[in-house]
Each structure stands twice: as structure tokens, then as C-alpha cells.
file structure_33.txt (compact mmCIF, C-alpha atoms)
# COMPACT_ATOMS: atom_id res chain seq x y z
CA MET A 945 78.51 84.91 114.92
CA THR A 946 77.00 88.16 113.70
CA GLY A 947 77.62 89.74 110.33
CA GLY A 948 78.71 88.06 107.11
CA ARG A 949 77.05 85.32 105.12
CA ALA A 950 77.78 81.64 105.64
CA ILE A 951 79.03 79.93 102.48
CA ASN A 952 77.78 76.53 101.40
CA CYS A 953 80.61 73.99 101.14
CA THR A 954 78.68 71.09 99.66
CA GLY A 955 80.39 67.76 99.96
CA LEU A 956 83.20 68.92 102.18
CA CYS A 957 81.21 70.25 105.13
CA ASN A 958 79.42 66.96 105.82
CA THR A 959 82.39 65.46 107.64
CA ALA A 960 82.88 63.53 110.86
CA VAL A 961 83.89 66.21 113.35
CA ASP A 962 83.17 66.75 117.02
CA SER A 963 79.88 68.63 117.01
CA SER A 964 80.27 69.50 120.70
CA VAL A 965 83.24 71.74 119.87
CA LYS A 966 82.65 75.43 119.12
CA PRO A 967 82.82 75.91 115.33
CA LEU A 968 85.86 77.60 113.87
CA VAL A 969 84.74 80.66 111.90
CA PHE A 970 86.77 81.47 108.80
CA ALA A 971 86.20 84.66 106.80
CA ASN A 972 87.19 85.72 103.31
CA PHE A 973 88.23 89.39 103.10
CA LEU A 974 89.62 88.91 99.59
CA ALA A 975 87.90 89.02 96.19
CA PRO A 976 84.46 87.38 96.03
CA ASN A 977 85.61 85.11 93.20
CA MET A 978 87.76 83.29 95.78
CA THR A 979 84.97 82.71 98.30
CA SER A 980 83.89 79.28 97.06
CA VAL A 981 87.54 78.14 97.00
CA TYR A 982 88.23 79.27 100.55
CA ALA A 983 84.91 77.84 101.77
CA ALA A 984 85.94 74.40 100.55
CA LEU A 985 89.43 74.77 102.01
CA ALA A 986 88.08 75.94 105.37
CA ALA A 987 85.83 72.89 105.52
CA ARG A 988 88.76 70.66 104.65
CA VAL A 989 90.88 72.19 107.40
CA GLY A 990 88.08 71.68 109.91
CA ARG A 991 87.81 68.07 108.85
CA ALA A 992 91.56 67.58 109.24
CA ILE A 993 91.66 68.91 112.80
CA GLY A 994 88.30 67.51 113.88
CA VAL A 995 86.63 70.85 114.49
CA PRO A 996 83.45 72.12 112.80
CA ALA A 997 84.36 74.93 110.40
CA ARG A 998 82.43 77.37 108.27
CA LEU A 999 83.38 80.34 106.14
CA ILE A 1000 81.63 83.68 105.89
CA GLN A 1001 82.25 86.58 103.54
CA GLY A 1002 83.95 89.17 105.73
CA ASP A 1003 82.09 92.46 105.96
CA GLY A 1004 84.42 94.60 108.08
CA PHE A 1005 87.71 94.46 109.95
CA GLU A 1006 85.85 94.94 113.23
CA GLN A 1007 85.20 91.19 112.95
CA LEU A 1008 88.95 90.70 113.42
CA ARG A 1009 89.19 93.22 116.24
CA ASP A 1010 86.37 91.69 118.27
CA GLY A 1011 87.34 88.07 117.58
CA SER A 1012 84.04 87.08 116.01
CA VAL A 1013 86.18 85.61 113.21
CA ASP A 1014 88.81 83.01 114.13
CA VAL A 1015 90.74 82.68 110.85
CA ALA A 1016 90.75 85.14 107.97
CA PHE A 1017 92.03 85.19 104.41
CA LEU A 1018 93.34 88.74 104.22
CA CYS A 1019 95.28 91.15 102.03
CA GLY A 1020 98.75 92.02 103.29
CA LEU A 1021 97.99 95.75 103.55
CA PRO A 1022 95.19 95.54 106.14
CA TYR A 1023 97.25 92.87 107.89
CA VAL A 1024 100.19 95.23 108.48
CA ARG A 1025 97.90 98.13 109.37
CA LEU A 1026 95.95 96.07 111.90
CA CYS A 1027 99.17 94.72 113.41
CA ALA A 1028 100.44 98.26 113.85
CA GLU A 1029 97.14 99.33 115.37
CA ARG A 1030 97.08 96.50 117.92
CA PRO A 1031 100.13 94.25 118.17
CA GLY A 1032 99.18 90.67 118.95
CA MET A 1033 95.73 90.94 117.40
CA LEU A 1034 96.60 88.78 114.37
CA TYR A 1035 98.90 85.79 113.92
CA PRO A 1036 100.17 84.94 110.41
CA LEU A 1037 99.63 81.28 109.51
CA ALA A 1038 100.24 80.52 105.85
CA ALA A 1039 100.18 82.05 102.38
CA PRO A 1040 99.40 80.50 99.01
CA ILE A 1041 101.99 79.65 96.40
CA LEU A 1042 100.30 80.25 93.06
CA ASP A 1043 100.48 77.81 90.20
CA GLU A 1044 102.15 79.70 87.36
CA ALA A 1045 105.80 79.90 86.38
CA ARG A 1046 106.15 83.60 87.13
CA TYR A 1047 105.54 83.01 90.85
CA GLN A 1048 108.71 80.87 91.01
CA ASP A 1049 107.31 78.65 93.79
CA ARG A 1050 107.24 81.60 96.20
CA PRO A 1051 104.34 83.14 98.17
CA VAL A 1052 104.11 86.22 95.96
CA TYR A 1053 101.69 87.83 93.57
CA PHE A 1054 101.59 90.77 91.17
CA SER A 1055 99.46 93.76 90.31
CA ASP A 1056 98.53 93.55 86.62
CA VAL A 1057 97.46 96.78 84.92
CA ILE A 1058 94.69 95.96 82.48
CA VAL A 1059 93.12 97.82 79.56
CA HIS A 1060 90.64 96.80 76.90
CA ARG A 1061 92.17 94.81 74.07
CA ASP A 1062 91.09 97.43 71.52
CA SER A 1063 92.40 100.44 73.43
CA PRO A 1064 95.40 102.40 72.14
CA PHE A 1065 97.36 102.07 75.41
CA SER A 1066 100.58 100.09 75.53
CA SER A 1067 102.29 101.33 78.70
CA PHE A 1068 101.43 102.79 82.08
CA GLU A 1069 102.63 106.19 80.95
CA ASP A 1070 99.99 106.13 78.18
CA LEU A 1071 97.32 106.37 80.91
CA ARG A 1072 98.06 110.00 81.76
CA GLY A 1073 94.76 111.89 81.90
CA ARG A 1074 92.73 108.70 81.54
CA SER A 1075 90.14 107.14 83.82
CA TRP A 1076 91.23 104.64 86.46
CA ALA A 1077 89.26 102.28 88.70
CA TYR A 1078 90.61 101.26 92.09
CA ASN A 1079 88.88 98.51 94.02
CA ASP A 1080 89.47 99.69 97.58
CA PRO A 1081 91.69 102.17 99.45
CA ASP A 1082 92.79 99.22 101.65
CA SER A 1083 93.88 97.14 98.65
CA PHE A 1084 97.61 96.69 98.18
CA SER A 1085 97.57 95.41 94.60
CA GLY A 1086 94.63 97.55 93.49
CA TRP A 1087 95.70 100.91 94.85
CA LEU A 1088 98.65 101.26 97.26
CA LEU A 1089 101.18 99.70 94.88
CA VAL A 1090 99.87 101.97 92.12
CA ARG A 1091 100.38 105.02 94.32
CA HIS A 1092 103.90 103.80 95.09
CA TYR A 1093 104.64 103.50 91.37
CA LEU A 1094 103.37 107.03 90.82
CA VAL A 1095 105.85 108.25 93.44
CA GLN A 1096 108.63 106.39 91.64
CA ILE A 1097 107.87 108.18 88.37
CA GLY A 1098 107.46 111.57 90.07
CA GLU A 1099 103.69 111.74 89.79
CA THR A 1100 100.69 111.94 92.09
CA GLU A 1101 97.15 110.58 91.78
CA THR A 1102 96.37 113.59 89.57
CA PHE A 1103 98.26 111.67 86.86
CA PHE A 1104 94.86 110.11 86.14
CA GLY A 1105 92.09 112.21 84.66
CA ARG A 1106 89.40 110.52 86.73
CA LEU A 1107 89.38 108.08 89.65
CA ALA A 1108 86.47 105.73 90.25
CA PHE A 1109 85.92 103.50 93.25
CA SER A 1110 84.72 100.07 92.08
CA GLY A 1111 84.46 98.13 95.35
CA TRP A 1112 86.18 94.94 94.21
CA HIS A 1113 88.56 93.68 91.54
CA GLN A 1114 85.88 91.87 89.54
CA GLU A 1115 83.91 95.08 89.18
CA SER A 1116 87.04 96.88 87.98
CA ILE A 1117 87.48 94.13 85.38
CA ARG A 1118 83.86 94.51 84.30
CA ARG A 1119 84.19 98.29 83.90
CA VAL A 1120 87.36 98.04 81.84
CA HIS A 1121 85.82 95.32 79.68
CA ALA A 1122 82.66 97.40 79.18
CA GLY A 1123 84.65 100.48 78.19
CA GLU A 1124 83.40 102.47 81.19
CA ILE A 1125 86.93 102.89 82.55
CA ASP A 1126 90.25 102.97 80.73
CA ALA A 1127 92.40 100.95 83.13
CA SER A 1128 92.77 99.32 86.51
CA ALA A 1129 95.32 97.32 88.54
CA ILE A 1130 94.16 93.79 89.35
CA ASP A 1131 95.45 91.21 91.81
CA SER A 1132 97.13 88.68 89.51
CA GLN A 1133 95.47 85.73 91.27
CA VAL A 1134 92.03 87.29 90.82
CA LEU A 1135 92.78 88.00 87.16
CA GLY A 1136 94.02 84.45 86.64
CA VAL A 1137 90.86 83.01 88.16
CA GLU A 1138 88.74 85.23 85.94
CA ARG A 1139 90.63 83.93 82.91
CA LEU A 1140 89.71 80.40 83.95
CA ARG A 1141 86.05 81.14 84.63
CA ASN A 1142 85.31 83.84 82.06
CA PRO A 1143 87.73 83.32 79.17
CA ASP A 1144 85.60 85.34 76.75
CA VAL A 1145 85.87 88.44 78.93
CA ALA A 1146 89.54 87.87 79.73
CA SER A 1147 90.42 87.50 76.07
CA GLU A 1148 89.26 91.08 75.49
CA LEU A 1149 91.67 92.50 78.07
CA ARG A 1150 95.40 93.23 77.83
CA VAL A 1151 98.02 93.61 80.55
CA ILE A 1152 100.19 96.62 79.75
CA ALA A 1153 102.23 96.77 82.96
CA THR A 1154 102.97 94.59 85.96
CA LEU A 1155 103.89 95.85 89.43
CA GLY A 1156 105.53 93.57 91.98
CA PRO A 1157 106.14 90.87 92.98
CA SER A 1158 104.79 91.39 96.49
CA THR A 1159 104.15 88.99 99.35
CA SER A 1160 100.83 87.20 98.89
CA PRO A 1161 97.64 87.71 100.87
CA LEU A 1162 97.61 85.35 103.82
CA ALA A 1163 95.63 83.32 106.31
CA VAL A 1164 95.72 84.80 109.81
CA ALA A 1165 94.36 83.70 113.17
CA THR A 1166 92.86 86.19 115.58
CA ALA A 1167 94.03 86.62 119.17
CA GLY A 1168 91.35 84.41 120.73
CA VAL A 1169 92.52 81.27 118.92
CA PRO A 1170 94.78 79.21 121.24
CA GLU A 1171 98.35 78.66 120.11
CA ASP A 1172 97.97 74.89 119.71
CA LEU A 1173 94.88 75.37 117.54
CA ARG A 1174 96.68 78.00 115.44
CA GLN A 1175 99.43 75.48 114.78
CA GLN A 1176 96.92 72.80 113.82
CA VAL A 1177 95.24 75.15 111.34
CA ARG A 1178 98.61 76.15 109.87
CA ASP A 1179 99.65 72.53 109.47
CA ALA A 1180 96.32 71.59 107.90
CA LEU A 1181 96.53 74.46 105.38
CA CYS A 1182 100.06 73.50 104.42
CA ASP A 1183 99.04 69.87 103.97
CA LEU A 1184 96.32 70.68 101.42
CA GLY A 1185 98.68 70.57 98.45
CA ARG A 1186 99.53 66.95 99.22
CA GLN A 1187 95.90 65.80 99.07
CA PRO A 1188 94.87 64.63 95.57
CA GLU A 1189 91.16 64.94 96.35
CA ILE A 1190 91.47 68.69 97.00
CA ARG A 1191 93.78 69.61 94.12
CA ASP A 1192 90.95 70.55 91.77
CA VAL A 1193 89.67 73.03 94.35
CA LEU A 1194 93.14 74.51 94.76
CA ALA A 1195 93.59 74.68 90.98
CA SER A 1196 90.30 76.56 90.61
CA GLY A 1197 91.93 79.31 92.69
CA LEU A 1198 95.31 79.00 90.93
CA ILE A 1199 96.79 77.71 94.20
CA ARG A 1200 99.54 75.09 94.13
CA ARG A 1201 99.91 74.82 97.89
CA PHE A 1202 100.18 76.85 101.09
CA THR A 1203 103.44 77.56 102.90
CA PRO A 1204 104.05 78.77 106.47
CA ILE A 1205 104.56 82.52 106.67
CA ASP A 1206 105.76 84.89 109.37
CA ASP A 1207 105.32 88.56 110.05
CA SER A 1208 108.68 89.62 108.61
CA ALA A 1209 107.58 88.41 105.17
CA TYR A 1210 105.34 91.48 104.99
CA ASP A 1211 108.15 94.00 105.44
CA ASP A 1212 107.98 94.68 101.69
CA ILE A 1213 104.42 95.92 102.14
CA ARG A 1214 105.46 98.00 105.15
CA GLN A 1215 108.19 99.62 103.04
CA VAL A 1216 105.73 100.53 100.28
CA LEU A 1217 103.26 101.83 102.86
CA ALA A 1218 105.94 103.99 104.47
CA VAL A 1219 106.50 105.78 101.16
CA VAL A 1220 102.88 106.59 100.42
CA ASP A 1221 101.02 106.55 103.75
CA GLN A 1222 101.16 110.33 104.18
CA ARG A 1223 99.52 110.94 100.84
CA ARG A 1224 95.80 111.46 100.63
CA ALA A 1225 93.83 108.31 99.80
CA PRO A 1226 90.85 108.79 97.48
CA SER A 1227 87.42 108.95 99.03
CA SER A 1228 84.85 106.25 98.29
CA SER A 1229 82.61 109.06 97.02
CA ALA A 1230 84.82 109.20 93.93
CA GLY A 1231 82.70 106.49 92.34
CA THR A 1232 80.01 103.95 93.00
CA ARG A 1233 80.31 100.42 94.32

call {"tool": "encode", "arguments": {"input": "structure_33.txt", "output": "C-alpha cells"}}
result
Amino acid sequence: MTGGRAINCTGLCNTAVDSSVKPLVFANFLAPNMTSVYAALAARVGRAIGVPARLIQGDGFEQLRDGSVDVAFLCGLPYVRLCAERPGMLYPLAAPILDEARYQDRPVYFSDVIVHRDSPFSSFEDLRGRSWAYNDPDSFSGWLLVRHYLVQIGETETFFGRLAFSGWHQESIRRVHAGEIDASAIDSQVLGVERLRNPDVASELRVIATLGPSTSPLAVATAGVPEDLRQQVRDALCDLGRQPEIRDVLASGLIRRFTPIDDSAYDDIRQVLAVVDQRRAPSSSAGTR
């Protein structure tokens, strides 16, 4: 495997698996604050199916195209784009059901618009002419859904006075907290995890608008993974919520359990994309990573 960084999964990787079998390579293409969670879950899945497993931090979608990654945790937007680019390249396996009442035991999440606690803003419309951080042009919750909302209110990206590319949700959170940027839209799971891990920072932020719900990011298998192995991985992911010894790991990522998911579940993202895909996406030169 080339590219990416292997993640240590202490305690869960030292399991009795068949070392003669080619390792199953998982990759996290989601926020870095979920990497340790998915590393532990990948190791647990490998243990359940008797196959060595390791997780890397994904560093480009070419890893999905060339099959150097077997299973990926991926945002729904690149999933639908990659499926359109090459049908049959990715196979949806499962999506997390998050552990808060607002998710209503469904595989959905939200885009929470955050500002500093001491700012004067109380609604999205108050952000006209203000600075905005987006984590990635390929992010659904961090940018595409925001662009869709702007269409709904008859605006364009020029609604904001300044756009800054942050590179990831946690950096957007940091910039808003530091007063460097007025607002940003954050994946609600990422924000929830930050509240658990950094309550002092989270307590100085406010959510002034919520977009969604939308279908959650998902686990996918790439084309080179045999069908029977894909099914085993799906079953193992969906069994995690029934294992008491892994519940603390799931809880650290706000995950209650995983549920099987199919391609049609992402039609909501396709519909949003259809509305905004012809509009110019901001360049990464708009800010610094």
C-alpha cells in the first residue's frame, strides 16, 4: 500500500487472524478527529471476519480509483461523484446512526452553522458580508449544502464578504473560536465529537442555523473486494453496536450503531448537487490549509 499513514489501533489490532491472508486496507477520508475511532472499528471488523485489517488516513480519491484501499469511510458527496464518474467502482456497505435524539435513529446528519459565542450574529442572514470558512470543495456539509441554501434564499457565494479554505472541519472550528473567521458550517458529528473532547472550546461557540438532515457519510468497498467479503464487512460493521466491549469506542465518535445502506439512500445528495453543480466552486487559493 502506498500513500497514507497507518494508524495505531492498540489493543484491538493484536487479534488472532489469519496472517497468511492479504490485509484489508481501510481508509478514513472524513475528519481527522474520527481517525482513531475508525482505526479501532476497522481492527474490530478484521478480527470478526478473521482477516488482518489496518486503517490509513486517506490522502486522495485516486486510492479508491486504483483499488489500493479496500474499504473507505467517505462523505456522501464524493461517493456520488465517484459513482457517476465510474459506475461499479464503489459499493455502499453501511452508515452510522448517531447517538443523539435529533437523529431519530436514522443514518442522517446535519450541517451546523457556528459562530463565536460573543459574536452579534443570530441567524444565517446576519452573515451577509462576513467572513466564512469552508473545509473542502468536496465537502457536502461544509460547503455544498451551504451553496444549496444560498440558492434557496436567492443568493450566491458573494453573499459572504470573504471565503477562506480551511482544509478540514476542525480547522474551521479553530478559526471561528479564535475570531479569525466569522462563521462556518460543520458536520454535526464532527462538532459533537469536538464538544466531547474539547468542551472549553465548544462552550465558546454557538449554532445559529442548521441545514439538513442529509444522509450520513458511509463505509464503501472498492471494486476489487469480492462480493462475499463485502458482505462479511457489512455484517461485521452492523454487528458492532451489539458488542458491549466496543461501545465506548463507538460513543467516542457519537455512533450508536451502523446500519446497511444502499445507493438510493444518497439520492438526496444527488438532488442537492444537481441544483448547484453548475455554479463555480471556490478555489483552494482562497485561503490556507

call {"tool": "residues_near_point", "arguments": {"input": "structure_33.txt", "point": "(98.6, 80.1, 110.0)", "cutoff": "12 Å", "atoms": "all atoms listed in the file", "output": "ChimeraX atom specification"}}
result
/A:970,989,1014-1018,1034-1040,1161-1166,1169-1183,1202-1207

call {"tool": "write_last_selection", "arguments": {"input": "structure_33.txt", "atoms": "C-alpha atoms", "output": "PDB file, in the frame of the given file"}}
result
ATOM      1  CA  PHE A 970      86.770  81.470 108.800  1.00  0.00           C
ATOM      2  CA  VAL A 989      90.880  72.190 107.400  1.00  0.00           C
ATOM      3  CA  ASP A1014      88.810  83.010 114.130  1.00  0.00           C
ATOM      4  CA  VAL A1015      90.740  82.680 110.850  1.00  0.00           C
ATOM      5  CA  ALA A1016      90.750  85.140 107.970  1.00  0.00           C
ATOM      6  CA  PHE A1017      92.030  85.190 104.410  1.00  0.00           C
ATOM      7  CA  LEU A1018      93.340  88.740 104.220  1.00  0.00           C
ATOM      8  CA  LEU A1034      96.600  88.780 114.370  1.00  0.00           C
ATOM      9  CA  TYR A1035      98.900  85.790 113.920  1.00  0.00           C
ATOM     10  CA  PRO A1036     100.170  84.940 110.410  1.00  0.00           C
ATOM     11  CA  LEU A1037      99.630  81.280 109.510  1.00  0.00           C
ATOM     12  CA  ALA A1038     100.240  80.520 105.850  1.00  0.00           C
ATOM     13  CA  ALA A1039     100.180  82.050 102.380  1.00  0.00           C
ATOM     14  CA  PRO A1040      99.400  80.500  99.010  1.00  0.00           C
ATOM     15  CA  PRO A1161      97.640  87.710 100.870  1.00  0.00           C
ATOM     16  CA  LEU A1162      97.610  85.350 103.820  1.00  0.00           C
ATOM     17  CA  ALA A1163      95.630  83.320 106.310  1.00  0.00           C
ATOM     18  CA  VAL A1164      95.720  84.800 109.810  1.00  0.00           C
ATOM     19  CA  ALA A1165      94.360  83.700 113.170  1.00  0.00           C
ATOM     20  CA  THR A1166      92.860  86.190 115.580  1.00  0.00           C
ATOM     21  CA  VAL A1169      92.520  81.270 118.920  1.00  0.00           C
ATOM     22  CA  PRO A1170      94.780  79.210 121.240  1.00  0.00           C
ATOM     23  CA  GLU A1171      98.350  78.660 120.110  1.00  0.00           C
ATOM     24  CA  ASP A1172      97.970  74.890 119.710  1.00  0.00           C
ATOM     25  CA  LEU A1173      94.880  75.370 117.540  1.00  0.00           C
ATOM     26  CA  ARG A1174      96.680  78.000 115.440  1.00  0.00           C
ATOM     27  CA  GLN A1175      99.430  75.480 114.780  1.00  0.00           C
ATOM     28  CA  GLN A1176      96.920  72.800 113.820  1.00  0.00           C
ATOM     29  CA  VAL A1177      95.240  75.150 111.340  1.00  0.00           C
ATOM     30  CA  ARG A1178      98.610  76.150 109.870  1.00  0.00           C
ATOM     31  CA  ASP A1179      99.650  72.530 109.470  1.00  0.00           C
ATOM     32  CA  ALA A1180      96.320  71.590 107.900  1.00  0.00           C
ATOM     33  CA  LEU A1181      96.530  74.460 105.380  1.00  0.00           C
ATOM     34  CA  CYS A1182     100.060  73.500 104.420  1.00  0.00           C
ATOM     35  CA  ASP A1183      99.040  69.870 103.970  1.00  0.00           C
ATOM     36  CA  PHE A1202     100.180  76.850 101.090  1.00  0.00           C
ATOM     37  CA  THR A1203     103.440  77.560 102.900  1.00  0.00           C
ATOM     38  CA  PRO A1204     104.050  78.770 106.470  1.00  0.00           C
ATOM     39  CA  ILE A1205     104.560  82.520 106.670  1.00  0.00           C
ATOM     40  CA  ASP A1206     105.760  84.890 109.370  1.00  0.00           C
ATOM     41  CA  ASP A1207     105.320  88.560 110.050  1.00  0.00           C
TER      42      ASP A1207
END

call {"tool": "closest_residue", "arguments": {"input": "structure_33.txt", "among": "A:Glu1044, A:Asp1192, A:Glu1138, A:Glu1101", "to": "Tyr1078 (chain A)", "atoms": "only C-alpha atoms"}}
result
A:Glu1101

call {"tool": "atom_distance", "arguments": {"input": "structure_33.txt", "atom1": "CA of Asp1080 (chain A)", "atom2": "CA of Val1220 (chain A)"}}
result
15.3 Å

call {"tool": "residues_around", "arguments": {"input": "structure_33.txt", "residues": "Arg1214 (chain A)", "least_positions_apart": "2", "cutoff": "12 Å", "atoms": "all atoms listed in the file", "output": "list in words"}}
result
Gly1020, Leu1021, Pro1022, Tyr1023, Val1024, Arg1025, Leu1026, Cys1027, Ala1028, Phe1084, Leu1088, Leu1089, His1092, Ser1158, Thr1159, Asp1207, Ser1208, Ala1209, Tyr1210, Asp1211, Asp1212, Val1216, Leu1217, Ala1218, Val1219, Val1220 and Asp1221 of chain A

call {"tool": "atom_distance", "arguments": {"input": "structure_33.txt", "atom1": "CA of Gly1197 (chain A)", "atom2": "CA of Ser1132 (chain A)"}}
result
11.2 Å

call {"tool": "atom_distance", "arguments": {"input": "structure_33.txt", "atom1": "CA of Phe1109 (chain A)", "atom2": "CA of Thr1154 (chain A)"}}
result
20.6 Å

call {"tool": "residues_around", "arguments": {"input": "structure_33.txt", "residues": "Ala1146 (chain A)", "least_positions_apart": "5", "cutoff": "9 Å", "atoms": "only C-alpha atoms", "output": "number ranges by chain"}}
result
A: 1117, 1121, 1135-1136, 1138-1140

call {"tool": "residues_around", "arguments": {"input": "structure_33.txt", "residues": "region 1052-1059 of chain A", "least_positions_apart": "4", "cutoff": "10 Å", "atoms": "all atoms listed in the file", "output": "PDB file with C-alpha atoms, in the coordinates of the input"}}
result
ATOM      1  CA  ALA A1039     100.180  82.050 102.380  1.00  0.00           C
ATOM      2  CA  PRO A1040      99.400  80.500  99.010  1.00  0.00           C
ATOM      3  CA  ILE A1041     101.990  79.650  96.400  1.00  0.00           C
ATOM      4  CA  LEU A1042     100.300  80.250  93.060  1.00  0.00           C
ATOM      5  CA  ARG A1046     106.150  83.600  87.130  1.00  0.00           C
ATOM      6  CA  TYR A1047     105.540  83.010  90.850  1.00  0.00           C
ATOM      7  CA  GLN A1048     108.710  80.870  91.010  1.00  0.00           C
ATOM      8  CA  SER A1063      92.400 100.440  73.430  1.00  0.00           C
ATOM      9  CA  PRO A1064      95.400 102.400  72.140  1.00  0.00           C
ATOM     10  CA  PHE A1065      97.360 102.070  75.410  1.00  0.00           C
ATOM     11  CA  SER A1066     100.580 100.090  75.530  1.00  0.00           C
ATOM     12  CA  SER A1067     102.290 101.330  78.700  1.00  0.00           C
ATOM     13  CA  PHE A1068     101.430 102.790  82.080  1.00  0.00           C
ATOM     14  CA  LEU A1071      97.320 106.370  80.910  1.00  0.00           C
ATOM     15  CA  TRP A1076      91.230 104.640  86.460  1.00  0.00           C
ATOM     16  CA  PHE A1084      97.610  96.690  98.180  1.00  0.00           C
ATOM     17  CA  SER A1085      97.570  95.410  94.600  1.00  0.00           C
ATOM     18  CA  GLY A1086      94.630  97.550  93.490  1.00  0.00           C
ATOM     19  CA  TRP A1087      95.700 100.910  94.850  1.00  0.00           C
ATOM     20  CA  LEU A1089     101.180  99.700  94.880  1.00  0.00           C
ATOM     21  CA  VAL A1090      99.870 101.970  92.120  1.00  0.00           C
ATOM     22  CA  SER A1116      87.040  96.880  87.980  1.00  0.00           C
ATOM     23  CA  ILE A1117      87.480  94.130  85.380  1.00  0.00           C
ATOM     24  CA  ARG A1119      84.190  98.290  83.900  1.00  0.00           C
ATOM     25  CA  VAL A1120      87.360  98.040  81.840  1.00  0.00           C
ATOM     26  CA  HIS A1121      85.820  95.320  79.680  1.00  0.00           C
ATOM     27  CA  GLY A1123      84.650 100.480  78.190  1.00  0.00           C
ATOM     28  CA  ILE A1125      86.930 102.890  82.550  1.00  0.00           C
ATOM     29  CA  ASP A1126      90.250 102.970  80.730  1.00  0.00           C
ATOM     30  CA  ALA A1127      92.400 100.950  83.130  1.00  0.00           C
ATOM     31  CA  SER A1128      92.770  99.320  86.510  1.00  0.00           C
ATOM     32  CA  ALA A1129      95.320  97.320  88.540  1.00  0.00           C
ATOM     33  CA  ILE A1130      94.160  93.790  89.350  1.00  0.00           C
ATOM     34  CA  ASP A1131      95.450  91.210  91.810  1.00  0.00           C
ATOM     35  CA  SER A1132      97.130  88.680  89.510  1.00  0.00           C
ATOM     36  CA  GLN A1133      95.470  85.730  91.270  1.00  0.00           C
ATOM     37  CA  VAL A1134      92.030  87.290  90.820  1.00  0.00           C
ATOM     38  CA  LEU A1135      92.780  88.000  87.160  1.00  0.00           C
ATOM     39  CA  ALA A1146      89.540  87.870  79.730  1.00  0.00           C
ATOM     40  CA  GLU A1148      89.260  91.080  75.490  1.00  0.00           C
ATOM     41  CA  LEU A1149      91.670  92.500  78.070  1.00  0.00           C
ATOM     42  CA  ARG A1150      95.400  93.230  77.830  1.00  0.00           C
ATOM     43  CA  VAL A1151      98.020  93.610  80.550  1.00  0.00           C
ATOM     44  CA  ILE A1152     100.190  96.620  79.750  1.00  0.00           C
ATOM     45  CA  ALA A1153     102.230  96.770  82.960  1.00  0.00           C
ATOM     46  CA  THR A1154     102.970  94.590  85.960  1.00  0.00           C
ATOM     47  CA  LEU A1155     103.890  95.850  89.430  1.00  0.00           C
ATOM     48  CA  GLY A1156     105.530  93.570  91.980  1.00  0.00           C
ATOM     49  CA  PRO A1157     106.140  90.870  92.980  1.00  0.00           C
ATOM     50  CA  SER A1158     104.790  91.390  96.490  1.00  0.00           C
ATOM     51  CA  THR A1159     104.150  88.990  99.350  1.00  0.00           C
ATOM     52  CA  SER A1160     100.830  87.200  98.890  1.00  0.00           C
ATOM     53  CA  PRO A1161      97.640  87.710 100.870  1.00  0.00           C
TER      54      PRO A1161
END

call {"tool": "closest_residue", "arguments": {"input": "structure_33.txt", "among": "A:Val1095, A:Leu1198, A:Val1137, A:Ala997", "to": "Gln1222 (chain A)", "atoms": "only C-alpha atoms"}}
result
A:Val1095

call {"tool": "decode", "arguments": {"input": "structure_33.txt", "residues": "region 1146-1171 of chain A", "atoms": "C-alpha atoms", "output": "PDB file, in the first residue's frame"}}
result
ATOM      1  CA  ALA A1146     -17.096  24.139  22.216  1.00  0.00           C
ATOM      2  CA  SER A1147     -18.640  26.163  25.015  1.00  0.00           C
ATOM      3  CA  GLU A1148     -17.453  29.346  23.294  1.00  0.00           C
ATOM      4  CA  LEU A1149     -19.283  28.541  20.063  1.00  0.00           C
ATOM      5  CA  ARG A1150     -22.956  28.928  19.140  1.00  0.00           C
ATOM      6  CA  VAL A1151     -25.016  27.225  16.446  1.00  0.00           C
ATOM      7  CA  ILE A1152     -27.166  29.835  14.710  1.00  0.00           C
ATOM      8  CA  ALA A1153     -28.574  27.688  11.898  1.00  0.00           C
ATOM      9  CA  THR A1154     -28.851  24.031  10.985  1.00  0.00           C
ATOM     10  CA  LEU A1155     -29.064  22.645   7.448  1.00  0.00           C
ATOM     11  CA  GLY A1156     -30.320  19.133   6.783  1.00  0.00           C
ATOM     12  CA  PRO A1157     -30.857  16.388   7.701  1.00  0.00           C
ATOM     13  CA  SER A1158     -28.874  14.619   4.990  1.00  0.00           C
ATOM     14  CA  THR A1159     -27.824  11.005   4.556  1.00  0.00           C
ATOM     15  CA  SER A1160     -24.728  10.233   6.618  1.00  0.00           C
ATOM     16  CA  PRO A1161     -21.218   9.602   5.357  1.00  0.00           C
ATOM     17  CA  LEU A1162     -20.758   5.909   4.730  1.00  0.00           C
ATOM     18  CA  ALA A1163     -18.449   2.934   4.542  1.00  0.00           C
ATOM     19  CA  VAL A1164     -17.830   1.763   0.975  1.00  0.00           C
ATOM     20  CA  ALA A1165     -15.934  -1.128  -0.563  1.00  0.00           C
ATOM     21  CA  THR A1166     -13.909  -0.683  -3.721  1.00  0.00           C
ATOM     22  CA  ALA A1167     -14.388  -2.787  -6.841  1.00  0.00           C
ATOM     23  CA  GLY A1168     -11.576  -5.241  -6.111  1.00  0.00           C
ATOM     24  CA  VAL A1169     -13.192  -6.539  -2.916  1.00  0.00           C
ATOM     25  CA  PRO A1170     -15.089  -9.796  -3.657  1.00  0.00           C
ATOM     26  CA  GLU A1171     -18.825  -9.787  -3.062  1.00  0.00           C
TER      27      GLU A1171
END
